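Worksheet: the structure to be examined is printed underneath.
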Amino acid sequence: MDSARVVITGLGAATPLGLTVGDTWAGLCAGRIGIDTITAFDPVGFTCKVAGQCPDYKIRDHLPRSFRKAIKLMSRDIELSIIAANEALVHAGLVTKGIDPENINVDPELMAINLGAGLISCDLVELAPAVAASLTDGRFDIRKWGKEGLEQVTPLWLLKYLPNMLACHIGIIHDIQGPSNTITCAEASSHLAIAEATQVIARGAGDIALAGGAEAKVNPIVMIRQCLLNRATSENNDDPASACRPFDADAKGSVFGEAAGVVILESLDNAEKRNAKIYAEVVGVGQSNTINPAYEHIEPDGKGIRIAIEKALSDAQIKPDELDLVIPHGTGIPPDDLAEATAIQSALGEAAAKIPVWPTKSMLSNTGAASGAVDIVAAVCAMNEGKIPAAVNCDKKADGCDLNIINQPQEAKIRYALCCSYTYGGQTAAVVLKRAE
């Protein structure tokens, strides 16, 4: 059976730059930075006091009236994924049960959902009473926790924090009955979810797929771990706009945040049958799994990233010099940025010094499982707008980084774009997009 061509017909995003794709893209083009002092909790005592936080919203405004009773079972990760999914479906011109039950124009059995999710950390206020009931002489007592502490936790508590609940809630709201899966591979999650959703459609298991990822990392439990591992910057608390500096000589660490990114994938035949606007085609995917025994950082030679990129280019059947844009992972953690730059240079060869490279986390922060999907949304926008915004906070490239990081916005006819990501667990992913023709 011939594989179906897979195209992108809808985009959705909720990021520190706005709760829509339009606001996010406008912010990126303006060089606006969505990183500021943390307000979600009091960061006193934290070495890093800045993060990328989404604008305020009321999730009830993004839900059908009949589904609002489920709000109490939603973590912030779930909420952000719902906002982005709604926008993507509307943008694609798809009408589901959750949008207008009287005018549905999709077959729910032929619609899939693949989402990336992170480790959803609980709100401390929900566990505080249980922990307080589990103390003996001021120390945590595991036996008391089992007998008395757990009784203070609502039986439905866990439903807010299971990673697959993002896809579950969206699937229920929009009556998605086709293949469903959740990828929990940290920062590579949404690239991998989009890759798998592409393969679902390519093999004919569905006509349409909602794919992407979401994660809310502005949480004291998440943040303290990144601080203790020295991944979060501690140098720019008084100047949040300059805090995240991917590939820059003065980079001191990453900044973490929250976001969601969703794309609607369709078989080309299905998109053409319903006369949908096509924004891009997914032509190559690649992935790998290698690990550095010193797990705090990725391998110095970026071997896994190189493998993923080479596989994606091979799948797309293109050569490195055919790429017109690269959106790297680029966290602002010096040894990891250097390893990624080394991998990209190795995979692309001489072309690496010429292809425009546009890191986005200096404006969006490291949004974990959402970051790859948000980058793909940004790449599709760049393709369709014919321009690449300027990189921010890379005033002087770090030694060893020979990538063509653009510091000024430029007009560009982008035919092929590459997005890549990695995790500290060793997973890497890469996706090649082609402009719609």
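We label chains A, B, ... in the order they appear in the structure tokens, count residues from 1 in each chain, and number ligands from 1 in the order shown.
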
* Do you know which residues are at most 6 Å from A:Ala117 counting only C-alpha atoms, after dropping those on the same chain fewer than 3 positions away, and could you put them as an NGL selection string? -> :A and (163 or 184 or 213-214 or 369)

Output file for the selection above: N, CA and C atoms, as a tab-separated table (two decimals), in the first residue's frame:
```
chain	number	residue	atom	x	y	z
A	163	PRO	N	-0.36	11.86	32.67
A	163	PRO	CA	0.01	12.51	31.41
A	163	PRO	C	-0.97	12.28	30.27
A	184	THR	N	5.54	10.56	26.37
A	184	THR	CA	6.12	11.24	27.54
A	184	THR	C	7.65	11.13	27.48
A	213	GLY	N	1.69	18.98	21.75
A	213	GLY	CA	2.05	18.74	23.13
A	213	GLY	C	1.82	19.95	24.01
A	214	ALA	N	1.84	19.72	25.30
A	214	ALA	CA	1.67	20.81	26.27
A	214	ALA	C	2.36	20.45	27.57
A	369	ALA	N	7.52	19.57	27.03
A	369	ALA	CA	6.83	18.74	26.05
A	369	ALA	C	6.11	19.56	24.99
```

* Considering only C-alpha atoms, return as number ranges by chain whatever protein or nucleic-acid residues lie within 12 Å of A:Ile291, sequence-local ones (same chain, fewer than 6 positions apart) excluded. => A: 297-305, 422-428

* **Residues near A:Lys277, cut-off 9 Å, only C-alpha atoms, skip fewer than 3 positions along chain, as a PyMOL selection string** => chain A and resi 8-10+92-93+271-272

* A:Val285: which residues within 8 Å, counting only C-alpha atoms, same-chain residues fewer than 5 positions away excluded, as a PyMOL selection string? -> chain A and resi 195+308+311-313+315-316+429-432

Expected file: the selected residues, N, CA and C atoms, as a PDB file, in the first residue's frame:
```
ATOM      1  N   ALA A 195       5.379  13.096  14.813  1.00  0.00           N
ATOM      2  CA  ALA A 195       5.939  12.063  13.934  1.00  0.00           C
ATOM      3  C   ALA A 195       5.051  10.831  13.921  1.00  0.00           C
ATOM      4  N   ALA A 308      19.156  11.688  14.585  1.00  0.00           N
ATOM      5  CA  ALA A 308      17.763  12.053  14.314  1.00  0.00           C
ATOM      6  C   ALA A 308      17.666  12.951  13.078  1.00  0.00           C
ATOM      7  N   LYS A 311      18.350  10.958   9.897  1.00  0.00           N
ATOM      8  CA  LYS A 311      17.195  10.113   9.556  1.00  0.00           C
ATOM      9  C   LYS A 311      16.068  10.940   8.955  1.00  0.00           C
ATOM     10  N   ALA A 312      15.821  12.124   9.524  1.00  0.00           N
ATOM     11  CA  ALA A 312      14.744  12.982   9.020  1.00  0.00           C
ATOM     12  C   ALA A 312      15.036  13.450   7.597  1.00  0.00           C
ATOM     13  N   LEU A 313      16.291  13.823   7.324  1.00  0.00           N
ATOM     14  CA  LEU A 313      16.668  14.252   5.975  1.00  0.00           C
ATOM     15  C   LEU A 313      16.555  13.096   4.982  1.00  0.00           C
ATOM     16  N   ASP A 315      14.551  10.520   5.286  1.00  0.00           N
ATOM     17  CA  ASP A 315      13.124  10.269   5.100  1.00  0.00           C
ATOM     18  C   ASP A 315      12.504  11.280   4.140  1.00  0.00           C
ATOM     19  N   ALA A 316      12.974  12.530   4.223  1.00  0.00           N
ATOM     20  CA  ALA A 316      12.472  13.585   3.338  1.00  0.00           C
ATOM     21  C   ALA A 316      13.079  13.507   1.937  1.00  0.00           C
ATOM     22  N   ALA A 429      14.714  13.892  18.506  1.00  0.00           N
ATOM     23  CA  ALA A 429      13.741  13.850  17.419  1.00  0.00           C
ATOM     24  C   ALA A 429      13.999  14.984  16.443  1.00  0.00           C
ATOM     25  N   ALA A 430      13.610  14.775  15.197  1.00  0.00           N
ATOM     26  CA  ALA A 430      13.732  15.809  14.175  1.00  0.00           C
ATOM     27  C   ALA A 430      12.584  15.676  13.186  1.00  0.00           C
ATOM     28  N   VAL A 431      12.080  16.792  12.707  1.00  0.00           N
ATOM     29  CA  VAL A 431      10.975  16.817  11.752  1.00  0.00           C
ATOM     30  C   VAL A 431      11.339  17.771  10.619  1.00  0.00           C
ATOM     31  N   VAL A 432      11.127  17.343   9.387  1.00  0.00           N
ATOM     32  CA  VAL A 432      11.343  18.180   8.218  1.00  0.00           C
ATOM     33  C   VAL A 432       9.989  18.547   7.615  1.00  0.00           C
TER      34      VAL A 432
END
```

* To do: To one decimal in Å, tell me the separation between atom CA of A:Arg245 and atom CA of A:Ala51.
  =>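 Atom-to-atom, atom CA of A:Arg245 and atom CA of A:Ala51 are spaced 13.5 Å apart.
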
* Just the residues within 8 Å of stretch 58-67 of chain A, please, counting only C-alpha atoms, with nothing from its chain fewer than 6 positions along; format it as a VMD selection string. => chain A and resid 79 82 to 83 86 98 to 99 173

Keeping N, CA and C atoms for every residue in the selection just given, could you write it to a file as a PDB file, in the first residue's frame?
```pdb
ATOM      1  N   GLU A  79      -5.370  22.268  30.653  1.00  0.00           N
ATOM      2  CA  GLU A  79      -6.046  23.496  30.225  1.00  0.00           C
ATOM      3  C   GLU A  79      -5.372  24.102  28.993  1.00  0.00           C
ATOM      4  N   ILE A  82      -6.070  22.172  25.810  1.00  0.00           N
ATOM      5  CA  ILE A  82      -7.431  22.380  25.318  1.00  0.00           C
ATOM      6  C   ILE A  82      -7.519  23.683  24.526  1.00  0.00           C
ATOM      7  N   ILE A  83      -6.898  24.740  25.039  1.00  0.00           N
ATOM      8  CA  ILE A  83      -6.922  26.039  24.351  1.00  0.00           C
ATOM      9  C   ILE A  83      -6.285  25.925  22.970  1.00  0.00           C
ATOM     10  N   ASN A  86      -8.418  23.673  20.518  1.00  0.00           N
ATOM     11  CA  ASN A  86      -9.591  24.384  20.003  1.00  0.00           C
ATOM     12  C   ASN A  86      -9.217  25.295  18.839  1.00  0.00           C
ATOM     13  N   GLY A  98     -17.471  19.120  19.998  1.00  0.00           N
ATOM     14  CA  GLY A  98     -17.155  20.147  20.987  1.00  0.00           C
ATOM     15  C   GLY A  98     -17.252  21.560  20.451  1.00  0.00           C
ATOM     16  N   ILE A  99     -17.323  21.708  19.133  1.00  0.00           N
ATOM     17  CA  ILE A  99     -17.414  23.039  18.528  1.00  0.00           C
ATOM     18  C   ILE A  99     -18.853  23.375  18.160  1.00  0.00           C
ATOM     19  N   ILE A 173     -14.007  15.891  24.680  1.00  0.00           N
ATOM     20  CA  ILE A 173     -14.658  17.145  24.273  1.00  0.00           C
ATOM     21  C   ILE A 173     -15.033  17.113  22.802  1.00  0.00           C
TER      22      ILE A 173
END
```

Residues within 12 Å of A:Gly349, only C-alpha atoms, excluding chain neighbours under 3 positions, as a PDB file with C-alpha atoms, in the first residue's frame:
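Output below, filename selection-v2.pdb:
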```pdb
ATOM      1  CA  ARG A 306      22.925  14.016  14.615  1.00  0.00           C
ATOM      2  CA  ILE A 309      18.558  14.837  11.828  1.00  0.00           C
ATOM      3  CA  GLU A 310      20.196  12.442   9.373  1.00  0.00           C
ATOM      4  CA  LYS A 319      20.201  17.048   0.993  1.00  0.00           C
ATOM      5  CA  PRO A 320      21.315  19.394   3.786  1.00  0.00           C
ATOM      6  CA  ASP A 321      21.820  22.333   1.424  1.00  0.00           C
ATOM      7  CA  ALA A 341      25.655  22.864  17.521  1.00  0.00           C
ATOM      8  CA  THR A 342      28.273  20.147  17.040  1.00  0.00           C
ATOM      9  CA  ALA A 343      25.561  17.660  16.058  1.00  0.00           C
ATOM     10  CA  ILE A 344      23.891  20.031  13.591  1.00  0.00           C
ATOM     11  CA  GLN A 345      27.244  20.918  12.033  1.00  0.00           C
ATOM     12  CA  SER A 346      28.112  17.241  11.732  1.00  0.00           C
ATOM     13  CA  ALA A 352      25.413  24.339   8.465  1.00  0.00           C
ATOM     14  CA  ALA A 353      27.331  27.596   8.162  1.00  0.00           C
ATOM     15  CA  LYS A 354      24.887  28.968   5.575  1.00  0.00           C
ATOM     16  CA  ILE A 355      21.388  27.811   6.568  1.00  0.00           C
ATOM     17  CA  ASP A 402      29.562  27.926  13.777  1.00  0.00           C
ATOM     18  CA  LEU A 403      25.839  27.988  13.049  1.00  0.00           C
TER      19      LEU A 403
END
```

* Asked: So which residues touch A:Cys48 within 10 Å, counting only C-alpha atoms, skipping near sequence neighbours fewer than 5 positions away, as a PyMOL selection string?
  -> chain A and resi 37-38+43+223-224+226-227+230-237+243+253-256

Considering only alpha helix (DSSP H) as DSSP defines it on the backbone, what residues of stretch 72-199 of chain A qualify? List them as an mmCIF file with C-alpha atoms, in the first residue's frame.
```
data_model
loop_
_atom_site.group_PDB
_atom_site.id
_atom_site.type_symbol
_atom_site.label_atom_id
_atom_site.label_comp_id
_atom_site.auth_asym_id
_atom_site.auth_seq_id
_atom_site.Cartn_x
_atom_site.Cartn_y
_atom_site.Cartn_z
ATOM 1 C CA ARG A 76 -2.786 23.591 33.959
ATOM 2 C CA ASP A 77 -1.138 21.328 31.368
ATOM 3 C CA ILE A 78 -4.570 20.002 30.392
ATOM 4 C CA GLU A 79 -6.046 23.496 30.225
ATOM 5 C CA LEU A 80 -3.334 24.799 27.904
ATOM 6 C CA SER A 81 -3.674 21.795 25.599
ATOM 7 C CA ILE A 82 -7.431 22.380 25.318
ATOM 8 C CA ILE A 83 -6.922 26.039 24.351
ATOM 9 C CA ALA A 84 -4.414 25.162 21.625
ATOM 10 C CA ALA A 85 -6.472 22.230 20.327
ATOM 11 C CA ASN A 86 -9.591 24.384 20.003
ATOM 12 C CA GLU A 87 -7.732 26.982 17.967
ATOM 13 C CA ALA A 88 -6.153 24.374 15.692
ATOM 14 C CA LEU A 89 -9.479 22.711 14.918
ATOM 15 C CA VAL A 90 -11.201 26.011 14.154
ATOM 16 C CA HIS A 91 -8.218 27.165 12.091
ATOM 17 C CA LEU A 124 1.587 21.745 46.771
ATOM 18 C CA VAL A 125 -1.553 23.115 48.426
ATOM 19 C CA GLU A 126 -3.382 19.928 47.437
ATOM 20 C CA LEU A 127 -0.893 17.688 49.242
ATOM 21 C CA ALA A 128 -0.040 19.917 52.194
ATOM 22 C CA PRO A 129 -2.863 18.665 54.483
ATOM 23 C CA ALA A 130 -1.939 15.058 53.739
ATOM 24 C CA VAL A 131 1.730 15.686 54.485
ATOM 25 C CA ALA A 132 0.862 17.566 57.677
ATOM 26 C CA ILE A 142 5.690 6.844 55.732
ATOM 27 C CA ARG A 143 3.573 4.561 57.919
ATOM 28 C CA LYS A 144 1.458 7.463 59.038
ATOM 29 C CA MET A 165 -5.330 13.063 30.496
ATOM 30 C CA LEU A 166 -4.462 15.805 28.000
ATOM 31 C CA ALA A 167 -5.454 13.570 25.107
ATOM 32 C CA CYS A 168 -8.348 12.101 27.106
ATOM 33 C CA HIS A 169 -10.005 15.445 27.835
ATOM 34 C CA ILE A 170 -9.559 16.736 24.283
ATOM 35 C CA GLY A 171 -10.733 13.413 22.881
ATOM 36 C CA ILE A 172 -13.898 13.485 24.994
ATOM 37 C CA ILE A 173 -14.658 17.145 24.273
ATOM 38 C CA HIS A 174 -14.310 16.721 20.517
ATOM 39 C CA SER A 189 7.585 14.599 23.260
ATOM 40 C CA SER A 190 5.662 16.754 20.808
ATOM 41 C CA HIS A 191 8.083 16.202 17.921
ATOM 42 C CA LEU A 192 7.689 12.472 18.511
ATOM 43 C CA ALA A 193 3.902 12.795 18.849
ATOM 44 C CA ILE A 194 3.673 14.671 15.552
ATOM 45 C CA ALA A 195 5.939 12.063 13.934
ATOM 46 C CA GLU A 196 3.759 9.213 15.153
ATOM 47 C CA ALA A 197 0.547 10.970 14.125
ATOM 48 C CA THR A 198 2.059 11.473 10.672
ATOM 49 C CA GLN A 199 2.720 7.750 10.464
#
```

* Enumerate the residues of stretch 23-87 of chain A with a DSSP assignment of strand (DSSP E or B), computed from the backbone, and present them as a list of chain:residue names. =>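 Answer for stretch 23-87 of chain A, restricted to strand (DSSP E or B): A:Ile35, A:Asp36, A:Thr37, A:Val50, A:Ala51, A:Gly52.
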
Preceding selection exported with C-alpha atoms as an mmCIF file, in the first residue's frame:
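Okay, this is what ended up in out29.cif:
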```cif
data_model
loop_
_atom_site.group_PDB
_atom_site.id
_atom_site.type_symbol
_atom_site.label_atom_id
_atom_site.label_comp_id
_atom_site.auth_asym_id
_atom_site.auth_seq_id
_atom_site.Cartn_x
_atom_site.Cartn_y
_atom_site.Cartn_z
ATOM 1 C CA ILE A 35 10.033 35.722 30.169
ATOM 2 C CA ASP A 36 9.472 37.621 33.390
ATOM 3 C CA THR A 37 9.586 37.308 37.175
ATOM 4 C CA VAL A 50 12.134 34.000 36.202
ATOM 5 C CA ALA A 51 9.981 31.917 33.860
ATOM 6 C CA GLY A 52 7.842 32.026 30.739
#
```
